[in-house]
>>> print(open('model04.json').read())   # JSON, N, CA and C atoms
[["chain", "number", "residue", "atom", "x", "y", "z"],
["W", 107, "MET", "N", 61.89, 97.21, 102.72],
["W", 107, "MET", "CA", 62.93, 97.97, 102.04],
["W", 107, "MET", "C", 63.90, 98.60, 103.01],
["W", 108, "ALA", "N", 63.83, 98.23, 104.28],
["W", 108, "ALA", "CA", 64.76, 98.78, 105.25],
["W", 108, "ALA", "C", 66.15, 98.22, 105.04],
["W", 109, "GLY", "N", 66.27, 97.07, 104.39],
["W", 109, "GLY", "CA", 67.56, 96.46, 104.14],
["W", 109, "GLY", "C", 68.42, 97.27, 103.19],
["W", 110, "TRP", "N", 67.81, 98.02, 102.30],
["W", 110, "TRP", "CA", 68.60, 98.82, 101.34],
["W", 110, "TRP", "C", 69.37, 99.93, 102.03],
["W", 111, "GLY", "N", 68.81, 100.49, 103.07],
["W", 111, "GLY", "CA", 69.48, 101.59, 103.74],
["W", 111, "GLY", "C", 70.59, 101.14, 104.67],
["W", 112, "THR", "N", 70.58, 99.88, 105.06],
["W", 112, "THR", "CA", 71.56, 99.42, 106.03],
["W", 112, "THR", "C", 72.80, 98.81, 105.40],
["W", 113, "SER", "N", 72.71, 98.36, 104.17],
["W", 113, "SER", "CA", 73.86, 97.69, 103.57],
["W", 113, "SER", "C", 74.25, 98.36, 102.25],
["W", 114, "PRO", "N", 75.43, 99.00, 102.22],
["W", 114, "PRO", "CA", 75.85, 99.63, 100.98],
["W", 114, "PRO", "C", 76.21, 98.61, 99.90],
["W", 115, "LEU", "N", 76.49, 97.38, 100.31],
["W", 115, "LEU", "CA", 76.81, 96.34, 99.34],
["W", 115, "LEU", "C", 75.59, 96.02, 98.48],
["W", 116, "LEU", "N", 74.41, 96.04, 99.08],
["W", 116, "LEU", "CA", 73.20, 95.76, 98.32],
["W", 116, "LEU", "C", 72.89, 96.86, 97.31],
["W", 117, "VAL", "N", 73.36, 98.04, 97.57],
["W", 117, "VAL", "CA", 73.18, 99.15, 96.62],
["W", 117, "VAL", "C", 74.25, 99.10, 95.54],
["W", 118, "ALA", "N", 75.46, 98.70, 95.92],
["W", 118, "ALA", "CA", 76.58, 98.71, 94.97],
["W", 118, "ALA", "C", 76.46, 97.62, 93.91],
["W", 119, "ILE", "N", 75.90, 96.48, 94.25],
["W", 119, "ILE", "CA", 75.83, 95.38, 93.29],
["W", 119, "ILE", "C", 74.97, 95.72, 92.08],
["W", 120, "PRO", "N", 73.75, 96.24, 92.24],
["W", 120, "PRO", "CA", 72.98, 96.60, 91.03],
["W", 120, "PRO", "C", 73.63, 97.73, 90.24],
["W", 121, "LEU", "N", 74.25, 98.67, 90.92],
["W", 121, "LEU", "CA", 74.94, 99.74, 90.19],
["W", 121, "LEU", "C", 76.10, 99.18, 89.39],
["W", 122, "TRP", "N", 76.83, 98.24, 89.96],
["W", 122, "TRP", "CA", 77.97, 97.62, 89.27],
["W", 122, "TRP", "C", 77.49, 96.82, 88.07],
["W", 123, "MET", "N", 76.37, 96.12, 88.22],
["W", 123, "MET", "CA", 75.88, 95.29, 87.13],
["W", 123, "MET", "C", 75.31, 96.14, 85.99],
["W", 124, "SER", "N", 74.74, 97.29, 86.31],
["W", 124, "SER", "CA", 74.18, 98.14, 85.26],
["W", 124, "SER", "C", 75.21, 99.08, 84.66],
["W", 125, "PHE", "N", 76.41, 99.12, 85.20],
["W", 125, "PHE", "CA", 77.44, 100.03, 84.70],
["W", 125, "PHE", "C", 77.86, 99.67, 83.28],
["W", 126, "GLY", "N", 77.85, 98.39, 82.95],
["W", 126, "GLY", "CA", 78.24, 97.97, 81.59],
["W", 126, "GLY", "C", 77.29, 98.51, 80.54],
["W", 127, "ARG", "N", 76.00, 98.49, 80.83],
["W", 127, "ARG", "CA", 75.03, 99.03, 79.87],
["W", 127, "ARG", "C", 75.14, 100.55, 79.77],
["W", 128, "ALA", "N", 75.40, 101.19, 80.87],
["W", 128, "ALA", "CA", 75.53, 102.65, 80.85],
["W", 128, "ALA", "C", 76.82, 103.06, 80.17],
["W", 129, "ALA", "N", 77.87, 102.28, 80.34],
["W", 129, "ALA", "CA", 79.16, 102.61, 79.74],
["W", 129, "ALA", "C", 79.14, 102.41, 78.23],
["W", 130, "ALA", "N", 78.23, 101.59, 77.74],
["W", 130, "ALA", "CA", 78.16, 101.37, 76.30],
["W", 130, "ALA", "C", 77.72, 102.63, 75.57],
["W", 131, "GLY", "N", 76.98, 103.51, 76.23],
["W", 131, "GLY", "CA", 76.52, 104.74, 75.62],
["W", 131, "GLY", "C", 77.56, 105.85, 75.66],
["W", 132, "PHE", "N", 78.59, 105.69, 76.46],
["W", 132, "PHE", "CA", 79.63, 106.70, 76.56],
["W", 132, "PHE", "C", 80.66, 106.54, 75.45],
["W", 133, "LYS", "N", 81.27, 107.66, 75.13],
["W", 133, "LYS", "CA", 82.41, 107.60, 74.23],
["W", 133, "LYS", "C", 83.65, 107.43, 75.09],
["W", 134, "GLU", "N", 84.78, 107.25, 74.46],
["W", 134, "GLU", "CA", 86.00, 106.91, 75.19],
["W", 134, "GLU", "C", 86.40, 107.95, 76.24],
["W", 135, "PRO", "N", 86.38, 109.26, 75.98],
["W", 135, "PRO", "CA", 86.78, 110.21, 77.04],
["W", 135, "PRO", "C", 85.84, 110.20, 78.25],
["W", 136, "GLU", "N", 84.55, 110.01, 78.02],
["W", 136, "GLU", "CA", 83.62, 110.00, 79.14],
["W", 136, "GLU", "C", 83.86, 108.80, 80.04],
["W", 137, "ILE", "N", 84.20, 107.67, 79.45],
["W", 137, "ILE", "CA", 84.49, 106.49, 80.25],
["W", 137, "ILE", "C", 85.70, 106.76, 81.14],
["W", 138, "CYS", "N", 86.70, 107.42, 80.60],
["W", 138, "CYS", "CA", 87.90, 107.75, 81.38],
["W", 138, "CYS", "C", 87.55, 108.66, 82.55],
["W", 139, "TYR", "N", 86.66, 109.63, 82.31],
["W", 139, "TYR", "CA", 86.27, 110.54, 83.38],
["W", 139, "TYR", "C", 85.51, 109.80, 84.47],
["W", 140, "VAL", "N", 84.64, 108.88, 84.08],
["W", 140, "VAL", "CA", 83.89, 108.11, 85.07],
["W", 140, "VAL", "C", 84.83, 107.23, 85.87],
["W", 141, "LEU", "N", 85.75, 106.56, 85.20],
["W", 141, "LEU", "CA", 86.70, 105.71, 85.91],
["W", 141, "LEU", "C", 87.64, 106.53, 86.80],
["W", 142, "ASP", "N", 88.03, 107.71, 86.36],
["W", 142, "ASP", "CA", 88.84, 108.59, 87.20],
["W", 142, "ASP", "C", 88.08, 108.98, 88.46],
["W", 143, "GLY", "N", 86.80, 109.26, 88.31],
["W", 143, "GLY", "CA", 85.97, 109.60, 89.47],
["W", 143, "GLY", "C", 85.87, 108.45, 90.45],
["W", 144, "ILE", "N", 85.71, 107.23, 89.91],
["W", 144, "ILE", "CA", 85.63, 106.05, 90.77],
["W", 144, "ILE", "C", 86.95, 105.84, 91.51],
["W", 145, "LEU", "N", 88.07, 105.98, 90.81],
["W", 145, "LEU", "CA", 89.37, 105.82, 91.45],
["W", 145, "LEU", "C", 89.62, 106.90, 92.50],
["W", 146, "PHE", "N", 89.16, 108.11, 92.22],
["W", 146, "PHE", "CA", 89.31, 109.21, 93.17],
["W", 146, "PHE", "C", 88.54, 108.91, 94.46],
["W", 147, "LEU", "N", 87.30, 108.45, 94.32],
["W", 147, "LEU", "CA", 86.50, 108.10, 95.49],
["W", 147, "LEU", "C", 87.11, 106.92, 96.25],
["W", 148, "TYR", "N", 87.63, 105.96, 95.52],
["W", 148, "TYR", "CA", 88.29, 104.81, 96.13],
["W", 148, "TYR", "C", 89.50, 105.26, 96.94],
["W", 149, "GLY", "N", 90.28, 106.18, 96.40],
["W", 149, "GLY", "CA", 91.43, 106.70, 97.12],
["W", 149, "GLY", "C", 91.04, 107.45, 98.38],
["W", 150, "ILE", "N", 89.97, 108.22, 98.31],
["W", 150, "ILE", "CA", 89.51, 108.96, 99.48],
["W", 150, "ILE", "C", 89.03, 108.00, 100.56],
["W", 151, "ILE", "N", 88.29, 106.97, 100.15],
["W", 151, "ILE", "CA", 87.78, 105.99, 101.12],
["W", 151, "ILE", "C", 88.92, 105.25, 101.79],
["W", 152, "LEU", "N", 89.91, 104.81, 101.00],
["W", 152, "LEU", "CA", 91.05, 104.10, 101.60],
["W", 152, "LEU", "C", 91.85, 104.99, 102.52],
["W", 153, "THR", "N", 92.02, 106.25, 102.16],
["W", 153, "THR", "CA", 92.75, 107.18, 103.01],
["W", 153, "THR", "C", 92.01, 107.40, 104.32],
["W", 154, "ALA", "N", 90.69, 107.54, 104.25],
["W", 154, "ALA", "CA", 89.89, 107.72, 105.47],
["W", 154, "ALA", "C", 89.98, 106.49, 106.37],
["W", 155, "LEU", "N", 89.92, 105.31, 105.79],
["W", 155, "LEU", "CA", 90.03, 104.09, 106.59],
["W", 155, "LEU", "C", 91.42, 103.96, 107.23],
["W", 156, "TYR", "N", 92.46, 104.31, 106.48],
["W", 156, "TYR", "CA", 93.82, 104.25, 107.01],
["W", 156, "TYR", "C", 93.98, 105.22, 108.18],
["W", 157, "CYS", "N", 93.48, 106.43, 108.02],
["W", 157, "CYS", "CA", 93.58, 107.43, 109.10],
["W", 157, "CYS", "C", 92.78, 106.98, 110.32],
["W", 158, "ARG", "N", 91.64, 106.36, 110.08],
["W", 158, "ARG", "CA", 90.82, 105.87, 111.19],
["W", 158, "ARG", "C", 91.57, 104.79, 111.98],
["W", 159, "ILE", "N", 92.26, 103.90, 111.28],
["W", 159, "ILE", "CA", 93.03, 102.85, 111.96],
["W", 159, "ILE", "C", 94.18, 103.47, 112.75],
["W", 160, "LYS", "N", 94.88, 104.42, 112.14],
["W", 160, "LYS", "CA", 96.01, 105.06, 112.82],
["W", 160, "LYS", "C", 95.55, 105.81, 114.07],
["W", 161, "ILE", "N", 94.43, 106.50, 113.99],
["W", 161, "ILE", "CA", 93.93, 107.26, 115.13],
["W", 161, "ILE", "C", 93.48, 106.31, 116.24],
["W", 162, "SER", "N", 92.80, 105.22, 115.87],
["W", 162, "SER", "CA", 92.34, 104.28, 116.90],
["W", 162, "SER", "C", 93.53, 103.58, 117.56],
["W", 163, "ASN", "N", 94.58, 103.27, 116.79],
["W", 163, "ASN", "CA", 95.78, 102.66, 117.38],
["W", 163, "ASN", "C", 96.48, 103.64, 118.31],
["W", 164, "ALA", "N", 96.51, 104.91, 117.94],
["W", 164, "ALA", "CA", 97.14, 105.92, 118.80],
["W", 164, "ALA", "C", 96.36, 106.09, 120.10],
["W", 165, "LYS", "N", 95.03, 106.05, 120.01],
["W", 165, "LYS", "CA", 94.21, 106.17, 121.22],
["W", 165, "LYS", "C", 94.40, 104.96, 122.12],
["W", 166, "GLN", "N", 94.49, 103.76, 121.54],
["W", 166, "GLN", "CA", 94.70, 102.55, 122.34],
["W", 166, "GLN", "C", 96.07, 102.57, 123.00],
["W", 167, "ALA", "N", 97.08, 103.04, 122.28],
["W", 167, "ALA", "CA", 98.42, 103.11, 122.85],
["W", 167, "ALA", "C", 98.47, 104.13, 123.99],
["W", 168, "LYS", "N", 97.74, 105.22, 123.82],
["W", 168, "LYS", "CA", 97.72, 106.25, 124.86],
["W", 168, "LYS", "C", 96.99, 105.75, 126.10],
["W", 169, "ALA", "N", 95.92, 104.98, 125.89],
["W", 169, "ALA", "CA", 95.15, 104.47, 127.01],
["W", 169, "ALA", "C", 95.78, 103.21, 127.60],
["W", 170, "GLY", "N", 96.70, 102.60, 126.88],
["W", 170, "GLY", "CA", 97.36, 101.41, 127.38],
["W", 170, "GLY", "C", 96.56, 100.14, 127.16],
["W", 171, "THR", "N", 95.55, 100.19, 126.31],
["W", 171, "THR", "CA", 94.72, 99.00, 126.06],
["W", 171, "THR", "C", 95.13, 98.26, 124.81],
["W", 172, "GLY", "N", 96.14, 98.71, 124.13],
["W", 172, "GLY", "CA", 96.57, 98.07, 122.89],
["W", 172, "GLY", "C", 97.36, 96.81, 123.17],
["W", 173, "GLN", "N", 97.87, 96.23, 122.12],
["W", 173, "GLN", "CA", 98.69, 95.03, 122.26],
["W", 173, "GLN", "C", 100.02, 95.41, 122.89],
["W", 174, "PRO", "N", 100.47, 94.62, 123.86],
["W", 174, "PRO", "CA", 101.76, 94.94, 124.48],
["W", 174, "PRO", "C", 102.90, 94.68, 123.51],
["W", 175, "LYS", "N", 103.93, 95.49, 123.64],
["W", 175, "LYS", "CA", 105.08, 95.32, 122.76],
["W", 175, "LYS", "C", 105.89, 94.12, 123.23],
["W", 176, "GLN", "N", 106.50, 93.43, 122.28],
["W", 176, "GLN", "CA", 107.28, 92.25, 122.60],
["W", 176, "GLN", "C", 108.64, 92.66, 123.16],
["W", 177, "ASN", "N", 109.12, 91.85, 124.06],
["W", 177, "ASN", "CA", 110.49, 92.04, 124.55],
["W", 177, "ASN", "C", 111.45, 91.62, 123.46],
["W", 178, "VAL", "N", 112.70, 92.02, 123.63],
["W", 178, "VAL", "CA", 113.72, 91.66, 122.65],
["W", 178, "VAL", "C", 113.88, 90.14, 122.61],
["W", 179, "GLU", "N", 113.75, 89.49, 123.77],
["W", 179, "GLU", "CA", 113.91, 88.05, 123.83],
["W", 179, "GLU", "C", 112.75, 87.32, 123.15],
["W", 180, "GLU", "N", 111.60, 87.95, 123.03],
["W", 180, "GLU", "CA", 110.42, 87.32, 122.45],
["W", 180, "GLU", "C", 110.19, 87.74, 121.01],
["W", 181, "GLY", "N", 111.22, 88.12, 120.31],
["W", 181, "GLY", "CA", 111.09, 88.60, 118.95],
["W", 181, "GLY", "C", 110.73, 87.50, 117.97],
["W", 182, "ILE", "N", 110.62, 87.86, 116.73],
["W", 182, "ILE", "CA", 110.23, 86.89, 115.71],
["W", 182, "ILE", "C", 111.37, 85.94, 115.39],
["W", 183, "TYR", "N", 112.59, 86.28, 115.79],
["W", 183, "TYR", "CA", 113.73, 85.43, 115.49],
["W", 183, "TYR", "C", 114.08, 84.49, 116.65],
["W", 184, "THR", "N", 113.21, 84.40, 117.62],
["W", 184, "THR", "CA", 113.47, 83.54, 118.77],
["W", 184, "THR", "C", 113.51, 82.09, 118.29],
["W", 185, "GLY", "N", 114.52, 81.37, 118.74],
["W", 185, "GLY", "CA", 114.63, 79.97, 118.38],
["W", 185, "GLY", "C", 115.46, 79.72, 117.14],
["W", 186, "LEU", "N", 115.78, 80.74, 116.40],
["W", 186, "LEU", "CA", 116.61, 80.57, 115.22],
["W", 186, "LEU", "C", 118.08, 80.63, 115.62],
["W", 187, "THR", "N", 118.85, 79.70, 115.12],
["W", 187, "THR", "CA", 120.27, 79.70, 115.42],
["W", 187, "THR", "C", 121.05, 79.78, 114.12],
["W", 188, "PRO", "N", 122.23, 80.37, 114.17],
["W", 188, "PRO", "CA", 123.02, 80.44, 112.94],
["W", 188, "PRO", "C", 123.54, 79.06, 112.56],
["W", 189, "HIS", "N", 123.83, 78.88, 111.30],
["W", 189, "HIS", "CA", 124.37, 77.61, 110.83],
["W", 189, "HIS", "C", 125.76, 77.40, 111.41],
["W", 190, "ALA", "N", 126.03, 76.16, 111.83],
["W", 190, "ALA", "CA", 127.34, 75.85, 112.38],
["W", 190, "ALA", "C", 128.36, 75.65, 111.26],
["W", 191, "GLN", "N", 127.88, 75.28, 110.10],
["W", 191, "GLN", "CA", 128.77, 74.99, 108.98],
["W", 191, "GLN", "C", 128.62, 76.09, 107.94],
["W", 192, "ASP", "N", 129.73, 76.44, 107.34],
["W", 192, "ASP", "CA", 129.70, 77.46, 106.30],
["W", 192, "ASP", "C", 128.97, 76.92, 105.07],
["W", 193, "THR", "N", 128.27, 77.78, 104.39],
["W", 193, "THR", "CA", 127.51, 77.37, 103.22],
["W", 193, "THR", "C", 128.42, 76.87, 102.11],
["W", 194, "TYR", "N", 129.50, 77.55, 101.91],
["W", 194, "TYR", "CA", 130.44, 77.18, 100.86],
["W", 194, "TYR", "C", 131.69, 76.55, 101.48],
["W", 195, "GLU", "N", 132.03, 75.41, 101.00],
["W", 195, "GLU", "CA", 133.23, 74.73, 101.48],
["W", 195, "GLU", "C", 134.34, 74.93, 100.46],
["W", 196, "THR", "N", 135.54, 75.01, 100.96],
["W", 196, "THR", "CA", 136.68, 75.17, 100.03],
["W", 196, "THR", "C", 137.04, 73.82, 99.44],
["W", 197, "ILE", "N", 137.45, 73.83, 98.21],
["W", 197, "ILE", "CA", 137.87, 72.62, 97.52],
["W", 197, "ILE", "C", 139.38, 72.47, 97.70],
["W", 198, "ASN", "N", 139.78, 71.32, 98.19],
["W", 198, "ASN", "CA", 141.21, 71.07, 98.36],
["W", 198, "ASN", "C", 141.80, 70.67, 97.02],
["W", 199, "MET", "N", 142.68, 71.48, 96.53],
["W", 199, "MET", "CA", 143.30, 71.22, 95.23],
["W", 199, "MET", "C", 144.70, 70.66, 95.47],
["W", 200, "LYS", "N", 144.82, 69.36, 95.43],
["W", 200, "LYS", "CA", 146.13, 68.72, 95.64],
["W", 200, "LYS", "C", 146.78, 68.47, 94.28],
["W", 201, "LYS", "N", 148.04, 68.81, 94.19],
["W", 201, "LYS", "CA", 148.76, 68.61, 92.94],
["W", 201, "LYS", "C", 149.74, 67.50, 93.03]]
>>> encode(input="model04.json", output="structure tokens")
Amino acid sequence: MAGWGTSPLLVAIPLWMSFGRAAAGFKEPEICYVLDGILFLYGIILTALYCRIKISNAKQAKAGTGQPKQNVEEGIYTGLTPHAQDTYETINMKK
């Protein structure tokens, strides 16, 4: 049973599968409260993960171990050239 403590996914799957039976006993307002609680926790978890990524990127940039910034010449538009011909051509209207 040591596997249950190491993987939150193994705990979440049975809870998710039994939620339908538990939700059947709730009335409509209680279901909304439960779903609001789930969304609230989801928002907190995503915010914590976002902050963790931002902090780790800031530490890497400060230490100089992050990805080097691209030069202007090595940008994403390198190799693209403008069209030599205009997209719209004028129609010669001879009378």
>>> atom_distance(input="model04.json", atom1="atom CA of W:Ile182", atom2="atom CA of W:Leu155")
28.1 Å
>>> atom_distance(input="model04.json", atom1="atom CA of W:Ala169", atom2="atom N of W:Cys157")
19.2 Å
>>> atom_distance(input="model04.json", atom1="atom N of W:Ile119", atom2="atom N of W:Tyr148")
15.1 Å
